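Next up, query.cif (mmCIF, C-alpha atoms and all ligand atoms):
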data_input
loop_
_atom_site.label_atom_id
_atom_site.label_comp_id
_atom_site.auth_asym_id
_atom_site.auth_seq_id
_atom_site.Cartn_x
_atom_site.Cartn_y
_atom_site.Cartn_z
CA MET A 1 -33.57 -6.61 -26.09
CA THR A 2 -32.76 -5.44 -29.58
CA THR A 3 -29.63 -3.64 -30.68
CA GLU A 4 -30.48 -3.01 -34.32
CA PRO A 5 -28.71 0.10 -35.60
CA ASP A 6 -31.91 2.12 -36.16
CA VAL A 7 -33.10 1.34 -32.63
CA LEU A 8 -29.75 2.43 -31.20
CA ASP A 9 -29.91 5.56 -33.35
CA ALA A 10 -33.38 6.35 -32.03
CA GLU A 11 -32.22 5.88 -28.43
CA ARG A 12 -29.13 8.04 -28.92
CA ALA A 13 -31.14 10.75 -30.69
CA PHE A 14 -33.63 10.86 -27.81
CA GLU A 15 -30.81 10.98 -25.27
CA ALA A 16 -29.12 13.83 -27.18
CA GLU A 17 -32.40 15.77 -27.25
CA LEU A 18 -32.87 15.32 -23.49
CA LEU A 19 -29.29 16.36 -22.71
CA GLN A 20 -29.61 19.38 -25.01
CA ALA A 21 -32.83 20.48 -23.27
CA GLN A 22 -31.19 19.84 -19.86
CA TRP A 23 -33.88 17.36 -18.91
CA LEU A 24 -31.09 14.92 -18.17
CA LEU A 25 -27.92 16.13 -16.45
CA PRO A 26 -24.82 14.04 -17.15
CA THR A 27 -22.81 12.56 -14.28
CA LEU A 28 -19.50 10.68 -14.23
CA GLY A 29 -21.25 7.29 -14.17
CA ALA A 30 -22.38 5.57 -17.38
CA GLY A 31 -26.17 5.34 -17.45
CA VAL A 32 -26.49 7.60 -14.41
CA THR A 33 -28.09 11.01 -14.89
CA GLY A 34 -29.32 13.88 -12.80
CA THR A 35 -32.71 15.48 -13.37
CA GLY A 36 -33.01 19.04 -14.69
CA VAL A 37 -35.45 21.75 -13.58
CA ALA A 38 -38.26 20.97 -16.03
CA MET A 39 -38.06 17.19 -15.64
CA GLU A 40 -37.96 17.45 -11.85
CA ALA A 41 -41.05 19.69 -11.89
CA VAL A 42 -42.82 16.99 -13.89
CA ILE A 43 -41.67 14.25 -11.50
CA GLN A 44 -42.80 16.19 -8.42
CA GLY A 45 -46.14 16.83 -10.15
CA LEU A 46 -46.50 13.14 -10.96
CA GLN A 47 -45.90 12.18 -7.36
CA ARG A 48 -48.47 14.69 -6.06
CA LEU A 49 -51.01 13.55 -8.64
CA ALA A 50 -50.53 9.83 -8.01
CA ARG A 51 -50.53 10.13 -4.21
CA ASP A 52 -53.65 12.29 -4.37
CA ARG A 53 -55.47 9.93 -6.76
CA VAL A 54 -54.68 6.95 -4.56
CA ALA A 55 -55.81 8.76 -1.41
CA ARG A 56 -59.10 9.76 -3.04
CA HIS A 57 -59.97 6.86 -5.29
CA LEU A 58 -58.13 3.64 -4.46
CA PRO A 59 -60.46 1.06 -2.89
CA ARG A 60 -58.46 -0.33 0.02
CA PRO A 61 -59.08 -2.50 3.05
CA GLY A 62 -56.99 -0.51 5.54
CA ALA A 63 -55.00 2.63 6.12
CA LEU A 64 -52.79 4.52 3.66
CA GLN A 65 -49.34 5.31 5.05
CA SER A 66 -46.25 6.92 3.60
CA VAL A 67 -42.72 5.85 4.54
CA ARG A 68 -39.28 6.45 3.10
CA PHE A 69 -36.11 4.34 2.92
CA PRO A 70 -32.65 5.39 1.70
CA PRO A 71 -31.01 3.93 -1.43
CA VAL A 72 -28.72 1.74 0.70
CA ASN A 73 -29.75 -1.25 2.80
CA GLY A 74 -28.04 -4.21 4.45
CA ARG A 75 -26.41 -6.61 1.98
CA SER A 76 -28.39 -9.46 3.53
CA MET A 77 -31.51 -7.96 1.96
CA LEU A 78 -30.29 -9.17 -1.45
CA GLU A 79 -30.16 -12.69 -0.05
CA ARG A 80 -33.48 -12.62 1.72
CA THR A 81 -35.38 -11.30 -1.30
CA ASP A 82 -33.62 -13.93 -3.50
CA TYR A 83 -32.28 -11.03 -5.60
CA VAL A 84 -28.81 -12.57 -5.62
CA ALA A 85 -30.30 -15.81 -6.99
CA SER A 86 -32.63 -14.21 -9.52
CA PHE A 87 -30.83 -11.06 -10.72
CA PRO A 88 -27.06 -11.31 -9.98
CA GLN A 89 -26.41 -9.31 -13.18
CA LEU A 90 -28.24 -6.26 -11.80
CA LEU A 91 -27.13 -6.06 -8.16
CA GLY A 92 -24.59 -3.73 -6.64
CA THR A 93 -22.83 -3.87 -3.27
CA VAL A 94 -20.82 -1.10 -1.62
CA ASP A 95 -17.03 -1.27 -1.32
CA VAL A 96 -15.33 0.49 1.60
CA PHE A 97 -11.84 1.17 2.92
CA SER A 98 -11.11 0.04 6.44
CA GLY A 99 -7.31 -0.11 6.50
CA ASP A 100 -4.82 1.86 8.58
CA THR A 101 -2.45 4.64 7.59
CA LYS A 102 -0.02 2.15 6.09
CA ASP A 103 -2.73 0.63 3.93
CA HIS A 104 -3.83 4.10 2.89
CA ARG A 105 -0.27 4.91 1.83
CA ARG A 106 -0.22 1.80 -0.34
CA LEU A 107 -3.54 2.78 -1.89
CA LEU A 108 -2.27 6.29 -2.67
CA ALA A 109 0.99 4.91 -4.07
CA ASP A 110 -0.94 2.71 -6.48
CA ARG A 111 -3.14 5.62 -7.45
CA GLU A 112 -0.15 7.86 -8.05
CA ALA A 113 1.43 5.16 -10.20
CA GLY A 114 -1.75 5.05 -12.26
CA LEU A 115 -2.53 1.55 -11.01
CA PRO A 116 -5.97 0.30 -10.00
CA TRP A 117 -6.60 1.19 -6.33
CA ASP A 118 -9.91 -0.60 -5.81
CA GLY A 119 -8.04 -3.70 -4.63
CA HIS A 120 -7.44 -1.84 -1.37
CA LEU A 121 -11.18 -1.77 -0.71
CA HIS A 122 -13.41 -4.61 0.38
CA THR A 123 -17.10 -5.38 0.12
CA SER A 124 -19.05 -3.98 3.05
CA ASP A 125 -22.27 -5.22 4.62
CA TYR A 126 -24.16 -2.63 2.56
CA ALA A 127 -25.88 -3.01 -0.79
CA LEU A 128 -27.79 -0.71 -3.11
CA VAL A 129 -31.55 -1.13 -3.06
CA PRO A 130 -32.80 -2.65 -6.34
CA ALA A 131 -36.56 -2.21 -5.78
CA ALA A 132 -38.36 0.42 -3.72
CA CYS A 133 -40.59 -2.05 -1.91
CA HIS A 134 -37.88 -4.44 -0.64
CA PRO A 135 -36.84 -2.32 2.37
CA LEU A 136 -40.49 -2.29 3.45
CA TYR A 137 -40.67 -6.09 3.89
CA ALA A 138 -37.34 -6.07 5.74
CA TRP A 139 -38.68 -3.39 8.08
CA LEU A 140 -42.08 -5.01 8.62
CA SER A 141 -40.34 -8.25 9.56
CA GLN A 142 -38.78 -6.40 12.50
CA VAL A 143 -41.94 -4.84 13.90
CA ASN A 144 -45.19 -6.12 15.36
CA ALA A 145 -46.86 -8.53 12.94
CA ALA A 146 -50.19 -6.80 13.60
CA THR A 147 -49.19 -4.07 11.12
CA VAL A 148 -49.60 -6.58 8.25
CA ASP A 149 -53.28 -5.80 7.97
CA GLY A 150 -53.87 -4.65 4.41
CA THR A 151 -52.39 -1.20 4.95
CA VAL A 152 -51.28 0.36 1.66
CA TRP A 153 -47.72 1.69 2.00
CA THR A 154 -46.59 4.56 -0.21
CA ILE A 155 -42.85 4.72 -0.91
CA THR A 156 -40.74 6.79 -3.26
CA GLY A 157 -37.42 4.98 -3.45
CA ASP A 158 -34.18 5.08 -5.40
CA CYS A 159 -33.44 1.85 -7.25
CA PHE A 160 -30.10 0.61 -8.58
CA ARG A 161 -29.83 -1.81 -11.51
CA ASN A 162 -26.45 -2.43 -13.09
CA GLU A 163 -27.49 -2.26 -16.74
CA PRO A 164 -25.87 0.81 -18.33
CA SER A 165 -27.45 1.57 -21.68
CA PRO A 166 -27.52 4.41 -24.20
CA ASP A 167 -31.31 4.30 -23.86
CA PRO A 168 -32.42 7.16 -21.57
CA MET A 169 -35.43 4.98 -20.68
CA ARG A 170 -33.04 2.52 -18.99
CA LEU A 171 -31.24 4.34 -16.21
CA VAL A 172 -28.89 2.66 -13.76
CA SER A 173 -30.31 4.68 -10.86
CA PHE A 174 -33.94 5.74 -10.94
CA ARG A 175 -36.95 6.45 -8.73
CA MET A 176 -40.05 4.35 -8.31
CA LEU A 177 -43.20 5.55 -6.60
CA GLU A 178 -44.69 2.37 -5.20
CA PHE A 179 -47.99 1.53 -3.55
CA VAL A 180 -47.55 -1.74 -1.67
CA LEU A 181 -50.07 -3.92 0.11
CA VAL A 182 -49.13 -6.74 2.48
CA GLY A 183 -52.14 -8.73 3.65
CA SER A 184 -54.35 -11.63 2.59
CA PRO A 185 -54.08 -13.17 -0.91
CA GLU A 186 -57.44 -11.64 -1.87
CA GLN A 187 -56.37 -8.17 -0.67
CA ALA A 188 -53.08 -8.39 -2.57
CA VAL A 189 -54.66 -9.44 -5.87
CA ALA A 190 -57.44 -6.84 -5.55
CA HIS A 191 -54.84 -4.15 -4.81
CA ARG A 192 -52.86 -4.94 -7.94
CA THR A 193 -55.99 -4.96 -10.09
CA ALA A 194 -57.22 -1.66 -8.67
CA MET A 195 -53.81 0.00 -8.99
CA LEU A 196 -53.37 -1.14 -12.61
CA GLU A 197 -56.72 0.46 -13.40
CA LEU A 198 -55.93 3.65 -11.48
CA GLY A 199 -52.45 3.87 -13.02
CA GLN A 200 -53.72 3.30 -16.53
CA GLY A 201 -56.34 6.04 -16.12
CA LEU A 202 -53.84 8.46 -14.64
CA LEU A 203 -51.29 7.95 -17.43
CA ALA A 204 -53.91 8.08 -20.19
CA GLY A 205 -55.18 11.34 -18.66
CA LEU A 206 -51.71 12.81 -19.16
CA GLY A 207 -51.98 12.15 -22.89
CA LEU A 208 -49.98 8.92 -23.05
CA ALA A 209 -51.19 6.06 -25.26
CA VAL A 210 -50.82 3.15 -22.85
CA THR A 211 -51.39 -0.61 -22.94
CA VAL A 212 -51.48 -3.17 -20.11
CA GLU A 213 -49.47 -6.30 -20.94
CA GLY A 214 -48.50 -9.50 -19.15
CA ALA A 215 -44.77 -9.44 -18.44
CA ASN A 216 -41.85 -11.12 -16.71
CA ASP A 217 -38.81 -9.89 -14.83
CA PRO A 218 -35.34 -10.27 -16.45
CA PHE A 219 -34.36 -13.35 -14.41
CA PHE A 220 -30.74 -14.41 -14.91
CA GLY A 221 -29.50 -17.39 -16.90
CA ARG A 222 -31.10 -20.74 -17.73
CA ALA A 223 -32.74 -20.98 -14.34
CA GLY A 224 -34.20 -17.58 -15.17
CA VAL A 225 -35.94 -18.98 -18.23
CA MET A 226 -37.92 -21.22 -15.92
CA LEU A 227 -38.72 -18.47 -13.44
CA ALA A 228 -39.80 -16.11 -16.23
CA LYS A 229 -42.11 -18.73 -17.79
CA GLY A 230 -43.59 -19.51 -14.37
CA GLN A 231 -44.15 -15.80 -13.66
CA ARG A 232 -45.95 -15.31 -16.97
CA ALA A 233 -48.02 -18.49 -16.66
CA ALA A 234 -49.19 -17.47 -13.19
CA GLU A 235 -49.89 -13.89 -14.42
CA LEU A 236 -47.89 -12.41 -11.57
CA LYS A 237 -46.58 -9.35 -13.43
CA PHE A 238 -48.30 -6.77 -15.61
CA GLU A 239 -46.73 -3.71 -17.15
CA ILE A 240 -48.23 -0.47 -18.39
CA THR A 241 -46.35 0.25 -21.59
CA THR A 242 -46.17 2.99 -24.18
CA GLU A 243 -44.47 3.31 -27.54
CA ILE A 244 -41.34 5.44 -27.12
CA TYR A 245 -39.50 4.04 -30.13
CA PRO A 246 -41.33 2.96 -33.30
CA GLY A 247 -42.60 -0.59 -33.09
CA ARG A 248 -41.43 -1.22 -29.53
CA ASN A 249 -43.28 -0.75 -26.26
CA THR A 250 -41.45 0.34 -23.12
CA ALA A 251 -42.79 -0.27 -19.61
CA ILE A 252 -43.45 2.89 -17.58
CA SER A 253 -45.24 1.23 -14.64
CA SER A 254 -45.78 -2.28 -13.34
CA GLY A 255 -48.11 -4.18 -11.05
CA ASN A 256 -46.77 -7.28 -9.33
CA TYR A 257 -48.37 -9.98 -7.24
CA HIS A 258 -45.63 -11.77 -5.24
CA GLU A 259 -47.87 -14.48 -3.77
CA ASP A 260 -46.24 -15.40 -0.42
CA HIS A 261 -42.65 -14.92 -1.67
CA PHE A 262 -41.85 -12.01 0.67
CA GLY A 263 -44.38 -12.98 3.34
CA ALA A 264 -42.76 -16.39 3.81
CA GLU A 265 -39.15 -15.19 3.77
CA PHE A 266 -39.75 -12.23 6.11
CA ASP A 267 -42.28 -14.11 8.26
CA LEU A 268 -45.04 -11.57 7.70
CA ARG A 269 -48.39 -12.80 8.99
CA THR A 270 -51.96 -11.57 8.77
CA PRO A 271 -53.95 -11.17 12.01
CA ASP A 272 -55.29 -14.75 11.66
CA GLY A 273 -51.72 -16.09 11.67
CA SER A 274 -51.42 -17.14 8.03
CA VAL A 275 -48.46 -16.17 5.87
CA ALA A 276 -49.06 -12.79 4.23
CA HIS A 277 -49.20 -12.24 0.49
CA SER A 278 -48.06 -9.00 -1.12
CA ALA A 279 -48.55 -6.91 -4.22
CA CYS A 280 -46.89 -3.73 -5.37
CA PHE A 281 -47.57 -1.19 -8.06
CA GLY A 282 -44.74 1.06 -9.17
CA PHE A 283 -44.79 4.25 -11.23
CA GLY A 284 -41.40 4.54 -12.96
CA LEU A 285 -41.06 8.28 -12.36
CA GLU A 286 -38.20 9.05 -14.77
CA ARG A 287 -39.68 6.81 -17.45
CA ILE A 288 -43.09 8.46 -17.23
CA ALA A 289 -41.56 11.95 -17.34
CA LEU A 290 -39.52 10.97 -20.42
CA ALA A 291 -42.58 9.41 -22.08
CA LEU A 292 -44.35 12.74 -21.52
CA ALA A 293 -41.40 14.58 -23.10
CA ARG A 294 -41.61 12.19 -26.04
CA THR A 295 -45.32 12.97 -26.44
CA HIS A 296 -45.53 16.68 -25.58
CA GLY A 297 -41.93 17.85 -26.16
CA THR A 298 -39.32 19.14 -23.72
CA ASP A 299 -40.72 22.69 -23.50
CA LEU A 300 -43.29 22.59 -20.69
CA ARG A 301 -44.86 25.86 -21.87
CA THR A 302 -46.22 24.13 -24.96
CA TRP A 303 -47.80 21.22 -23.06
CA PRO A 304 -51.61 20.87 -23.16
CA GLU A 305 -53.31 22.98 -20.50
CA SER A 306 -55.06 19.92 -18.98
CA VAL A 307 -51.73 18.14 -18.51
CA ARG A 308 -50.11 21.25 -17.00
CA ASP A 309 -53.06 21.49 -14.60
CA LEU A 310 -52.88 17.86 -13.52
CA LEU A 311 -49.16 18.15 -12.82
CA GLY A 312 -49.47 21.56 -11.16
CA LEU A 313 -46.89 23.00 -13.55
CA ASP A 314 -48.28 26.53 -13.45
CA ALA A 315 -47.55 26.76 -9.77
CA ALA A 316 -44.02 25.45 -10.30
CA MET B 317 -42.28 -49.67 -14.65
CA SER B 318 -38.92 -50.94 -15.81
CA GLN B 319 -35.97 -51.40 -13.49
CA ASP B 320 -34.22 -48.45 -15.16
CA ARG B 321 -37.19 -46.20 -14.75
CA SER B 322 -37.70 -46.89 -11.05
CA GLN B 323 -34.00 -46.30 -10.46
CA LEU B 324 -34.34 -43.02 -12.32
CA VAL B 325 -37.22 -42.01 -10.06
CA GLU B 326 -35.20 -42.85 -6.93
CA THR B 327 -32.23 -40.73 -8.06
CA ILE B 328 -34.63 -37.86 -8.75
CA ARG B 329 -36.22 -38.42 -5.34
CA ASP B 330 -32.78 -37.86 -3.75
CA VAL B 331 -32.37 -34.58 -5.65
CA VAL B 332 -35.87 -33.49 -4.65
CA ALA B 333 -35.20 -34.38 -1.00
CA GLN B 334 -32.12 -32.18 -1.10
CA HIS B 335 -33.41 -29.16 -3.03
CA ALA B 336 -37.22 -28.95 -3.07
CA HIS B 337 -37.72 -28.00 0.61
CA LEU B 338 -41.02 -29.87 0.76
CA SER B 339 -43.33 -29.60 3.73
CA SER B 340 -43.60 -33.41 3.71
CA ASP B 341 -40.95 -36.14 3.61
CA ALA B 342 -39.71 -36.74 0.05
CA ALA B 343 -39.30 -40.45 0.86
CA SER B 344 -43.06 -40.89 1.16
CA LEU B 345 -43.95 -39.08 -2.11
CA SER B 346 -45.72 -41.11 -4.77
CA ALA B 347 -44.17 -40.74 -8.21
CA SER B 348 -47.17 -38.88 -9.62
CA GLU B 349 -47.76 -36.53 -6.67
CA SER B 350 -47.46 -32.79 -7.39
CA LEU B 351 -44.25 -31.35 -5.96
CA TYR B 352 -45.77 -27.87 -6.04
CA THR B 353 -48.69 -29.03 -3.91
CA ALA B 354 -46.13 -30.62 -1.57
CA GLY B 355 -44.61 -27.17 -1.02
CA MET B 356 -41.95 -26.69 -3.71
CA THR B 357 -41.63 -22.99 -4.58
CA SER B 358 -40.62 -21.77 -8.02
CA HIS B 359 -37.17 -20.84 -6.67
CA ALA B 360 -36.78 -24.33 -5.21
CA SER B 361 -37.85 -25.88 -8.52
CA VAL B 362 -34.93 -24.11 -10.19
CA ASN B 363 -32.55 -25.78 -7.73
CA VAL B 364 -34.20 -29.13 -8.42
CA MET B 365 -33.70 -28.53 -12.15
CA LEU B 366 -29.98 -27.77 -11.66
CA GLY B 367 -29.62 -30.75 -9.28
CA VAL B 368 -31.20 -33.15 -11.80
CA GLU B 369 -28.90 -31.82 -14.54
CA ASP B 370 -25.89 -32.51 -12.31
CA ALA B 371 -27.08 -35.95 -11.25
CA PHE B 372 -27.56 -37.18 -14.84
CA ASP B 373 -25.00 -34.96 -16.56
CA ILE B 374 -27.63 -33.57 -18.92
CA GLU B 375 -28.83 -30.12 -19.91
CA PHE B 376 -32.55 -29.43 -20.30
CA PRO B 377 -33.30 -27.51 -23.50
CA GLU B 378 -35.23 -24.25 -23.02
CA GLU B 379 -38.55 -25.71 -24.16
CA MET B 380 -38.36 -28.23 -21.31
CA LEU B 381 -37.77 -25.54 -18.65
CA THR B 382 -41.42 -25.35 -17.66
CA LYS B 383 -43.50 -25.84 -14.57
CA GLU B 384 -45.01 -29.00 -16.11
CA THR B 385 -41.62 -30.70 -16.50
CA PHE B 386 -40.96 -30.38 -12.77
CA GLU B 387 -44.50 -31.19 -11.61
CA SER B 388 -43.71 -34.68 -10.17
CA LEU B 389 -41.01 -37.33 -9.85
CA ASP B 390 -42.64 -39.04 -12.83
CA SER B 391 -42.70 -36.00 -15.07
CA ILE B 392 -39.04 -35.25 -14.31
CA ALA B 393 -38.13 -38.91 -14.99
CA GLN B 394 -40.00 -38.71 -18.29
CA ALA B 395 -38.01 -35.62 -19.30
CA VAL B 396 -34.68 -37.18 -18.24
CA ALA B 397 -35.51 -40.41 -20.17
CA THR B 398 -36.35 -38.40 -23.28
CA LEU B 399 -33.01 -36.58 -23.12
CA GLN B 400 -31.09 -39.81 -22.45
CA ASP B 401 -32.76 -41.48 -25.44
CA GLU B 402 -31.66 -38.60 -27.63
CA GLN B 403 -28.03 -38.97 -26.59
ZN ZN C 501 -42.24 -3.47 -5.63
#
Could you rewrite the structure in this file as structure tokens?
Amino acid sequence: MTTEPDVLDAERAFEAELLQAQWLLPTLGAGVTGTGVAMEAVIQGLQRLARDRVARHLPRPGALQSVRFPPVNGRSMLERTDYVASFPQLLGTVDVFSGDTKDHRRLLADREAGLPWDGHLHTSDYALVPAACHPLYAWLSQVNAATVDGTVWTITGDCFRNEPSPDPMRLVSFRMLEFVLVGSPEQAVAHRTAMLELGQGLLAGLGLAVTVEGANDPFFGRAGVMLAKGQRAAELKFEITTEIYPGRNTAISSGNYHEDHFGAEFDLRTPDGSVAHSACFGFGLERIALALARTHGTDLRTWPESVRDLLGLDAA
Amino acid sequence: MSQDRSQLVETIRDVVAQHAHLSSDAASLSASESLYTAGMTSHASVNVMLGVEDAFDIEFPEEMLTKETFESLDSIAQAVATLQDEQ
């Protein structure tokens, strides 16, 4: 992560351009933005295109199903996915008020006096979802194990990562469109390979210059150094990147093979009784839309006809 | 194997027994056996790393934080001995 002045300048200039064009709509939270009319049309088009491509062209061993989970889940999910061990710097839990009228009066008195009032809240059993596929494993663990049969699950989910940044490519709350397979090791690896190829073709077809690179997650601390090295050595994570800022590639999609990490923790088993392996591929919807704005500009009317067609922008 | 070295291995064995969550009994591990093959996950290996640091009051430098370092009781002992020699 570089913070050289010219890089920061480039990020701020891009952010200013996106705010000016109302692609990004400011909120009251640092690093949190809404999505304007043009950008949302692009994101909806991307979702249609990707879901359609997968339905038509993805080689897969089982069914293709679409499910949806909200941006909030049980706090225990952060424990069971090891998120609290691996990424404590990124997680967010939900604080709530559960006092009585007296407690409320104390809260309001503090607020009136200009004092912090968050001390009157306490951490609830809820947490924000950090990755769109995590709620899927938690759900599958509660239903009949026979569903872990190589089905590809499609999920558009909101993700929270506590890393506010001036870079519009790094939002605190963003959407991922994921295609997730839980099944045998062979099925999981084949799914990731096929999705990386499909994703690369789709993004290149939209006019983006993309590269597939080995990658690691931003694991926390010194223990994280070890996890990151292990992840790279085992080639568990690949990213599809593009150059947004000169000399620096930014990931806009990623394909991950989790081995039996989620299968073991959530006791997901294949029909023959062995622990399931999983793989997910995620399109970073905001990041892809912003990469397209970087390439084709913020005025959709001037975008290449082929790109407008693929995204169904004429109908929008 | 020197007296020191076998003692080192036994202390590491205790840490492994506590943190590696092996599918077999840590007491019956040979010093050169792969801990990963014995069921240690990458997350468990991180806990072993932190446990070894605590047990010997050392800090592994970044270049030693690899899968190879934590492959076996022997390889961990080798890394600990190297750090102790440097002190
Ligand atoms: Zn995922």
Problem - Straight-line distance linking CA of Leu196 (chain A) with CA of Gly247 (chain A), stated in Å to one decimal - result: 23.1 Å
Practice task
Starting from chain B, keep only residues with some atom at most 7 Å from an atom of chain A, counting all atoms listed in the file, and report them as a count of residues only.
Solution key: 5
Handout entry: Cut-off 12 Å, all atoms listed in the file, neighbours of ligand ZN 501 (chain C) as a PyMOL selection string
Key = chain A and resi 81+129-137+153-159+175-182+192+217+237+253-258+262+278-284
Exercise for the section: Show which residues sit within 12 Å of Ile328 (chain B), as a PyMOL selection string. Count only C-alpha atoms, and ignore same-chain residues fewer than 3 positions away. Expected result: chain B and resi 321-325+331-336+342-343+345+347+351+364-372+386+388-397
Determine, using only C-alpha atoms, which residues of region 170-190 of chain A have any atom at most 6 Å from an atom of region 28-36 of chain A, and tabulate each with its shortest atom pair and distance in Å to one decimal place, rows ordered by chain and then rising number, as a tab-separated table.
residue	atom	partner	partner_atom	distance
A:Leu171	CA	A:Gly31	CA	5.3
A:Val172	CA	A:Gly31	CA	5.3
A:Ser173	CA	A:Val32	CA	6.0
Practice task
Please provide as a PyMOL selection string all residues within 12 Å of Thr270 (chain A), with the sequence filter that same-chain residues fewer than 4 positions apart are discarded (counting all atoms listed in the file).
Solution key: chain A and resi 140+144-151+181-188+260+263-264+274-278
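CA of Leu46 (chain A) is found 23.7 Å from CA of Glu11 (chain A).
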Exercise for the section: Find the spatial neighbours of Pro168 (chain A), counting only C-alpha atoms, within a cut-off of 10 Å - ignore same-chain residues fewer than 2 positions away - and output them as number ranges by chain. Expected result: A: 11-16, 18-19, 24, 31-33, 164-166, 170-172, 286-287, 290
Completion exercise
CA of Glu40 (chain A) sits from CA of Thr302 (chain A) at a separation of 16.9 Å
Handout entry: Residue nearest Asp125 (chain A) - candidates A:Ser76, A:Asn249, A:Thr27, A:Gln200, atoms counted: only C-alpha atoms
Key =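 Closest to Asp125 (chain A) of all the choices is A:Ser76.
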Handout entry: Exercise: Thr123 (chain A) partners within 12 Å, all atoms listed in the file, chain neighbours under 2 positions left out, as a ChimeraX atom specification
Key = /A:74-75,92-98,118-121,125-127
Mind completing region 278-283 of chain A with all heavy atoms? Output as a PDB file, in the frame of the given file, please?
ATOM      1  N   SER A 278     -48.310 -10.415  -0.858  1.00  0.00           N
ATOM      2  CA  SER A 278     -48.060  -9.000  -1.120  1.00  0.00           C
ATOM      3  C   SER A 278     -48.209  -8.683  -2.589  1.00  0.00           C
ATOM      4  O   SER A 278     -48.106  -9.562  -3.458  1.00  0.00           O
ATOM      5  CB  SER A 278     -46.662  -8.599  -0.628  1.00  0.00           C
ATOM      6  OG  SER A 278     -45.671  -9.394  -1.247  1.00  0.00           O
ATOM      7  N   ALA A 279     -48.489  -7.411  -2.844  1.00  0.00           N
ATOM      8  CA  ALA A 279     -48.550  -6.910  -4.220  1.00  0.00           C
ATOM      9  C   ALA A 279     -48.040  -5.485  -4.208  1.00  0.00           C
ATOM     10  O   ALA A 279     -48.246  -4.751  -3.235  1.00  0.00           O
ATOM     11  CB  ALA A 279     -49.987  -6.940  -4.746  1.00  0.00           C
ATOM     12  N   CYS A 280     -47.330  -5.110  -5.269  1.00  0.00           N
ATOM     13  CA  CYS A 280     -46.890  -3.730  -5.370  1.00  0.00           C
ATOM     14  C   CYS A 280     -47.194  -3.187  -6.748  1.00  0.00           C
ATOM     15  O   CYS A 280     -47.252  -3.934  -7.722  1.00  0.00           O
ATOM     16  CB  CYS A 280     -45.391  -3.592  -5.063  1.00  0.00           C
ATOM     17  SG  CYS A 280     -44.308  -4.252  -6.340  1.00  0.00           S
ATOM     18  N   PHE A 281     -47.425  -1.875  -6.783  1.00  0.00           N
ATOM     19  CA  PHE A 281     -47.570  -1.190  -8.060  1.00  0.00           C
ATOM     20  C   PHE A 281     -46.564  -0.060  -8.067  1.00  0.00           C
ATOM     21  O   PHE A 281     -46.499   0.714  -7.105  1.00  0.00           O
ATOM     22  CB  PHE A 281     -48.988  -0.644  -8.234  1.00  0.00           C
ATOM     23  CG  PHE A 281     -49.166   0.065  -9.548  1.00  0.00           C
ATOM     24  CD1 PHE A 281     -49.606  -0.628 -10.677  1.00  0.00           C
ATOM     25  CD2 PHE A 281     -48.853   1.413  -9.674  1.00  0.00           C
ATOM     26  CE1 PHE A 281     -49.730   0.018 -11.894  1.00  0.00           C
ATOM     27  CE2 PHE A 281     -48.968   2.059 -10.891  1.00  0.00           C
ATOM     28  CZ  PHE A 281     -49.409   1.364 -12.005  1.00  0.00           C
ATOM     29  N   GLY A 282     -45.763   0.021  -9.126  1.00  0.00           N
ATOM     30  CA  GLY A 282     -44.740   1.060  -9.170  1.00  0.00           C
ATOM     31  C   GLY A 282     -44.891   1.960 -10.395  1.00  0.00           C
ATOM     32  O   GLY A 282     -45.026   1.470 -11.523  1.00  0.00           O
ATOM     33  N   PHE A 283     -44.900   3.273 -10.144  1.00  0.00           N
ATOM     34  CA  PHE A 283     -44.790   4.250 -11.230  1.00  0.00           C
ATOM     35  C   PHE A 283     -43.302   4.501 -11.445  1.00  0.00           C
ATOM     36  O   PHE A 283     -42.615   4.940 -10.504  1.00  0.00           O
ATOM     37  CB  PHE A 283     -45.456   5.571 -10.859  1.00  0.00           C
ATOM     38  CG  PHE A 283     -46.965   5.528 -10.812  1.00  0.00           C
ATOM     39  CD1 PHE A 283     -47.633   5.411  -9.598  1.00  0.00           C
ATOM     40  CD2 PHE A 283     -47.720   5.634 -11.979  1.00  0.00           C
ATOM     41  CE1 PHE A 283     -49.028   5.394  -9.549  1.00  0.00           C
ATOM     42  CE2 PHE A 283     -49.113   5.617 -11.936  1.00  0.00           C
ATOM     43  CZ  PHE A 283     -49.769   5.496 -10.721  1.00  0.00           C
TER      44      PHE A 283
END
